[in-house]
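These notes concern the structure reproduced below.
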Amino acid sequence: MKMEKIVEVQFSEQELQTIEKLKSRYLKPDSVILEVLYLLQEKYGYITREGMKYAADLLGISEEHVLGVVTFYTMFNTKPVGKYHLQVCTNVSCMLKGAYELLKKLESELNIKKGETTSDGLFTISEVECLGSCGTAPVIQVNQDYYENLNEEKLLQLINELRNK
Amino acid sequence: MSIKILLKDIPDYHKIEIYRQHGGYENIRKALQKTPEEIIEEVKKSGLRGRGGACFPTGLKWSFMPKDKNIPKFLCVNGDESEPGSFKDRQIFEFNPHQLIEGILISAYAIGAQTSYIYIRGEYAKWIRLMQKALDDAYEAGFVGEKMKETFGTDFYTNIYIHRGAGAYICGEESALMNSIEGKRGYPRVKPPFPAQYGLWGYPTTINNVETIANIPAIIQNGGEWFASIGEPKHPGTLLFGVSGHVNKPGVYELPTGTLLTDIIYKYAGGVPGNKKIKCVIPGGTSMPPIRGDQIEGLKMDAESLKQVGSAIGTGGIIVMDEDTDLVKVLARITKFYWHESCGQCTPCREGTGWMLKILNRILDGRGTSKDLDLLIDVANNIEGHTICALGDAAAWPVKYMIERFRDEFEARVNRSIKIEIPNKVHSMRRTQVPLKEIKINKD
């Protein structure tokens with residue numbers, strides 16, 4: 001996990017080109033802000049104040065606007081997260097299928113609470129809202145990937161697999 | 001044998017060559033030979049109503065778009081799909097993306113949009129990839145973008161881009177969705193002006209649900225009258241019913257409107273595990289008023305029939321709860337969702353959802369009183385209709401109707417009287433049993 005403070009934020013030439021290309025899709029260039037933020041998060045793990053300033057300068061908008069956007073959307077992390085971000089959906093359909101039991105199991109297995117990161121920086125647990133997998137509930141999203149139709153056994157297996165990766 | 005328009009039983013239908021083998025991208029060719037007005041008329045004739053929850057007639061919505069050809073116009077396709085219980089659009093992204101693309105082309109032609117955006121929620125990384133692949137293939141084949149001119153021999157062309165969200169339920173609201181595309185926070189806008197007058201960057205815009213648009217090629221192919229003859233006349237076509245919760249075979253089932261709810265649950269979704277009774281059903285995603293298990297007999301699934309039992313079809317996301325379900329817990333969870341997703345613009349919703357959650361948590365903790373139930377309804381009534389967008393109503397309805405329809409269950413969870421803890425022990429002791437001199441004061 002990148003715990004050290006990120007001071008220098010800089011996109012590579014290629015990344016800047018990607019952003020430029022995306023800009024042409026919109027009437028106004030600041031529409032690409034979500035993509036810029038995704039890129040920052042992908043590159044640095046989370047979005048720092050420096051990152052927000054960089055995005056603001058890149059798009060010619062105010063830092064406050066960027067801050068507003070970053071904090072509005074739940075998928076942007078303003079704090080470091082573990083290598084594997086375990087996002088447990090606990091909304092109704094998942095809850096009916098035992099999502100809270102899974103969450104508890106996960107917390108006891110990793111010995112952290114939701115919102116926390118393991119000391120080795122491997123796992124972060126988050127409770128999230130409906131992921132649109134109600135028919136294959138319960139579901140956990142690990143970084144970008146969905147793991148559906150889970151039960152305790154499958155969950156522990158998944159955690160072990162991730163540990164040994 | 002029921003009709004399948006969106007999720008056909010054809011293997012590999014998501015691939016462009018298979019889609020073309022079955023007449024794919026011929027409907028846009030056919031559409032381009034007609035005038036936009038004729039297409040709008042055809043869609044009006046079909047009786048197609050929006051699949052995003054509001055059931056607004058699609059043809060009518062399109063006819064609101066100004067005819068001026070010299071200004072930019074936009075089409076937004078809403079694939080935000082964040083309504084709890086709803087998981088239908090991802091089926092289209094995964095199994096029938098080209099029909100969606102063709103639908104976008106026809107719709108964009110009908111309203112005169114040069115640019116179309118498919119807004120897909122950020123969590124759907126896999127489905128964004130799948131959709132992007134289909135889009136790339138369509139571009140390459142010359143069906144989308146400037147190449148359309150060559151392919152179809154017309155002046156019209158439209159570009160289609162995927163815009164991914166970043167985790168906000170409210171962005172499924174049409175004006176919030178536009179703000180999100182503009183790179184802002186997803187705050188809903190005050191209406192009027194409606195998007196057809198003042199939409200993306202202030203230009204005329206139409207927003208339709210993914211499922212709505214995916215129906216369009218079939219309407220062009222077979223005609224509006226054909227579509228209007230499927231299912232219930234007032235709400236024709238098929239719907240993608242997503243069944244989840246306590247059923248044996250959860251999943252998405254494409255069925256004509258007006259299919260019996262009991263058929264969906266027992267015939268298609270395999271009934272309730274352990275043959276338990278059904279206590280409660282949410283018929284169209286958590287925003288819609290829940291209905292009692294004893295109301296579902298003979299209930300048809302379409303906009304008008306559900307209105308009669310005091311609910312709504314919403315997105316067709318059916319959540320089934322068996323007799324052992326703790327409805328207080330369910331309602332608290334639903335309310336937590338709206339509290340979390342409230343954008344914070346309107347006070348009644350921002351504050352009210354939090355209050356309702358606090359009260360419900362109090363009841364869950366066993367500290368609720370019967371007054372709390374009336375208080376919940378009061379708060380809900382003060383949210384409903386007092387906000388810019390429908391999220392306020394969506395938060396209020398489950399609370400209001402769940403308590404109204406399951407009052408006994410909620411009454412059983414609250415106390416007639418509560419024990420009030422004495423806040424200041426020393427003070428109370430002084431006045432009651434313990435003589436003052438016996439109270440030891442620790443001087444350290």
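Chain labels run A, B, ... following the order of the structure tokens; each chain numbers its residues from 1, and ligands are numbered from 1 in the order shown.
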
Report task. Run DSSP on the backbone of this structure and report the residues of range 48-93 of chain A it assigns to strand (DSSP E or B), as a count of residues only. Result -> 6

Requested in this report: DSSP on the backbone, then: every residue of range 18-127 of chain A marked alpha helix (DSSP H), written as JSON, numbers by chain.
Outcome: {"A": [18, 19, 20, 21, 22, 23, 33, 34, 35, 36, 37, 38, 39, 40, 41, 42, 43, 44, 49, 50, 51, 52, 53, 54, 55, 56, 57, 58, 59, 63, 64, 65, 66, 67, 68, 69, 70, 71, 72, 92, 93, 94, 95, 96, 99, 100, 101, 102, 103, 104, 105, 106, 107, 108, 109, 110]}

Please build the interface table for chain A against chain B with a cut-off of 10 Å, listing for each qualifying residue the nearest atom pair and the distance in Å to one decimal; count only C-alpha atoms, order rows by chain and increasing number, and write it as a Markdown table.
```
| residue | atom | partner | partner_atom | distance |
| --- | --- | --- | --- | --- |
| A:Leu22 | CA | B:Tyr161 | CA | 9.6 |
| A:Arg25 | CA | B:Tyr161 | CA | 7.1 |
| A:Tyr26 | CA | B:Glu182 | CA | 8.2 |
| A:Leu27 | CA | B:Trp201 | CA | 7.5 |
| A:Lys28 | CA | B:Glu182 | CA | 7.5 |
| A:Pro29 | CA | B:Glu182 | CA | 8.8 |
| A:Asp30 | CA | B:Gly183 | CA | 5.9 |
| A:Ser31 | CA | B:Gly183 | CA | 4.0 |
| A:Val32 | CA | B:Gly183 | CA | 6.4 |
| A:Ile33 | CA | B:Gly183 | CA | 5.6 |
| A:Leu34 | CA | B:Gly183 | CA | 6.6 |
| A:Glu35 | CA | B:Arg164 | CA | 8.1 |
| A:Leu37 | CA | B:Ala166 | CA | 9.6 |
| A:Tyr38 | CA | B:Ala166 | CA | 8.5 |
| A:His65 | CA | B:Lys184 | CA | 7.8 |
| A:Val66 | CA | B:Lys184 | CA | 8.6 |
| A:Leu67 | CA | B:Arg185 | CA | 9.9 |
| A:Gly68 | CA | B:Arg185 | CA | 6.8 |
| A:Val69 | CA | B:Arg185 | CA | 5.1 |
| A:Val70 | CA | B:Arg185 | CA | 8.5 |
| A:Thr71 | CA | B:Arg185 | CA | 8.9 |
| A:Phe72 | CA | B:Arg185 | CA | 6.1 |
| A:Tyr73 | CA | B:Gly167 | CA | 5.3 |
| A:Thr74 | CA | B:Gly167 | CA | 5.1 |
| A:Met75 | CA | B:Ala166 | CA | 5.2 |
| A:Phe76 | CA | B:Ala166 | CA | 7.2 |
| A:Thr90 | CA | B:Arg333 | CA | 8.3 |
| A:Asn91 | CA | B:Arg333 | CA | 6.6 |
| A:Val92 | CA | B:Val330 | CA | 6.4 |
| A:Ser93 | CA | B:Gly245 | CA | 5.0 |
| A:Cys94 | CA | B:Gly245 | CA | 7.5 |
| A:Met95 | CA | B:Val330 | CA | 8.3 |
| A:Leu96 | CA | B:Gly245 | CA | 5.8 |
| A:Lys97 | CA | B:Gly245 | CA | 6.8 |
| A:Val128 | CA | B:Phe337 | CA | 9.4 |
| A:Glu129 | CA | B:Phe337 | CA | 6.7 |
| A:Cys130 | CA | B:Pro84 | CA | 5.3 |
| A:Leu131 | CA | B:Glu123 | CA | 6.9 |
| A:Gly132 | CA | B:Phe87 | CA | 4.9 |
| A:Ser133 | CA | B:Phe87 | CA | 6.1 |
| A:Cys134 | CA | B:Gly85 | CA | 5.6 |
| A:Gly135 | CA | B:Gly251 | CA | 4.7 |
| A:Thr136 | CA | B:Pro250 | CA | 7.1 |
| A:Ala137 | CA | B:Ser244 | CA | 7.9 |
| A:Pro138 | CA | B:Gly245 | CA | 9.9 |
| A:Gln141 | CA | B:Glu123 | CA | 8.5 |
| A:Asn143 | CA | B:Glu123 | CA | 9.3 |
| A:Gln144 | CA | B:Ala125 | CA | 6.2 |
| A:Asp145 | CA | B:Lys126 | CA | 7.4 |
| A:Tyr146 | CA | B:Lys126 | CA | 8.5 |
```

Query raised in the report: Residues at most 10 Å from range 16-24 of chain B, counting only C-alpha atoms, excluding those fewer than 6 positions away in the same chain, as a PyMOL selection string?
Result: chain B and resi 10+96-99+102+133-135+137-138+141+217+221

Write to file, as an mmCIF file, in the first residue's frame, the residues of the selection just made, with N, CA and C atoms.
```cif
data_model
loop_
_atom_site.group_PDB
_atom_site.id
_atom_site.type_symbol
_atom_site.label_atom_id
_atom_site.label_comp_id
_atom_site.auth_asym_id
_atom_site.auth_seq_id
_atom_site.Cartn_x
_atom_site.Cartn_y
_atom_site.Cartn_z
ATOM 1 N N ILE B 10 -30.723 -16.863 -28.389
ATOM 2 C CA ILE B 10 -29.817 -17.139 -29.510
ATOM 3 C C ILE B 10 -28.398 -17.104 -28.964
ATOM 4 N N ASN B 96 -27.078 -8.483 -25.234
ATOM 5 C CA ASN B 96 -27.658 -7.909 -26.444
ATOM 6 C C ASN B 96 -27.224 -6.452 -26.668
ATOM 7 N N PRO B 97 -25.913 -6.213 -26.639
ATOM 8 C CA PRO B 97 -25.458 -4.820 -26.732
ATOM 9 C C PRO B 97 -25.741 -4.172 -28.087
ATOM 10 N N HIS B 98 -25.735 -4.980 -29.155
ATOM 11 C CA HIS B 98 -25.908 -4.376 -30.472
ATOM 12 C C HIS B 98 -27.332 -3.888 -30.710
ATOM 13 N N GLN B 99 -28.294 -4.575 -30.098
ATOM 14 C CA GLN B 99 -29.662 -4.096 -30.229
ATOM 15 C C GLN B 99 -29.804 -2.740 -29.529
ATOM 16 N N GLU B 102 -28.181 -0.241 -31.891
ATOM 17 C CA GLU B 102 -29.072 0.046 -33.019
ATOM 18 C C GLU B 102 -30.255 0.910 -32.542
ATOM 19 N N LYS B 133 -16.609 -2.984 -26.117
ATOM 20 C CA LYS B 133 -16.194 -3.924 -27.177
ATOM 21 C C LYS B 133 -17.237 -3.913 -28.305
ATOM 22 N N ALA B 134 -18.516 -3.998 -27.916
ATOM 23 C CA ALA B 134 -19.587 -4.006 -28.918
ATOM 24 C C ALA B 134 -19.590 -2.701 -29.707
ATOM 25 N N LEU B 135 -19.368 -1.614 -28.977
ATOM 26 C CA LEU B 135 -19.370 -0.300 -29.617
ATOM 27 C C LEU B 135 -18.209 -0.179 -30.601
ATOM 28 N N ASP B 137 -16.764 -2.596 -32.184
ATOM 29 C CA ASP B 137 -17.097 -3.430 -33.340
ATOM 30 C C ASP B 137 -18.059 -2.705 -34.273
ATOM 31 N N ALA B 138 -19.051 -2.036 -33.669
ATOM 32 C CA ALA B 138 -20.048 -1.329 -34.488
ATOM 33 C C ALA B 138 -19.413 -0.158 -35.228
ATOM 34 N N ALA B 141 -17.411 -1.558 -38.092
ATOM 35 C CA ALA B 141 -18.260 -2.011 -39.193
ATOM 36 C C ALA B 141 -18.940 -0.849 -39.917
ATOM 37 N N PRO B 217 -35.468 -1.065 -32.006
ATOM 38 C CA PRO B 217 -35.297 -1.773 -33.281
ATOM 39 C C PRO B 217 -36.448 -2.734 -33.568
ATOM 40 N N GLN B 221 -38.838 -2.795 -36.787
ATOM 41 C CA GLN B 221 -38.898 -4.013 -37.598
ATOM 42 C C GLN B 221 -40.327 -4.511 -37.789
#
```

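Relative to CA of Pro289 in chain B, CA of Val414 in chain B is found at 22.2 Å.
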
Query raised in the report: For Asn77 in chain A, which of A:Glu152, A:Glu101, A:Glu107, A:Glu42 is the closest residue, counting only C-alpha atoms?
Result: A:Glu42

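Close contacts of Tyr46 in chain A, defined as residues with an atom at most 6 Å away when counting only C-alpha atoms, with chain neighbours fewer than 3 positions off set aside, comprise A:Gln41, A:Asn77, A:Thr78, A:Lys79, A:Pro80.
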
Include C-alpha atoms and write out the residues we just selected as a tab-separated table (two decimals), in the first residue's frame.
```
chain	number	residue	atom	x	y	z
A	41	GLN	CA	-6.85	6.73	-8.45
A	77	ASN	CA	-11.03	7.15	-2.27
A	78	THR	CA	-9.50	10.10	-0.50
A	79	LYS	CA	-7.61	7.79	1.82
A	80	PRO	CA	-5.33	4.88	0.97
```

Requested in this report: Could you check how far CA of Pro398 in chain B sits from CA of Thr369 in chain B, in Å to one decimal?
Outcome: 19.7 Å

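Across the model, the gap from CA of Gly202 in chain B to CA of Tyr157 in chain B is 21.4 Å.
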
Requested in this report: Just the residues within 7 Å of Ser370 in chain B, please, counting only C-alpha atoms, with nothing from its chain fewer than 3 positions along; format it as a count of residues only.
Outcome: 5

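Using only C-alpha atoms, the nearest neighbour of Gly293 in chain B within the list B:Trp355, B:Phe227, B:Phe406, B:Tyr119 is B:Phe406.
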
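For the set B:Pro57, B:Gly103, B:Gly274, B:Gly258, the residue with the smallest atom-to-atom gap to Asp324 in chain B is B:Gly274, counting only C-alpha atoms.
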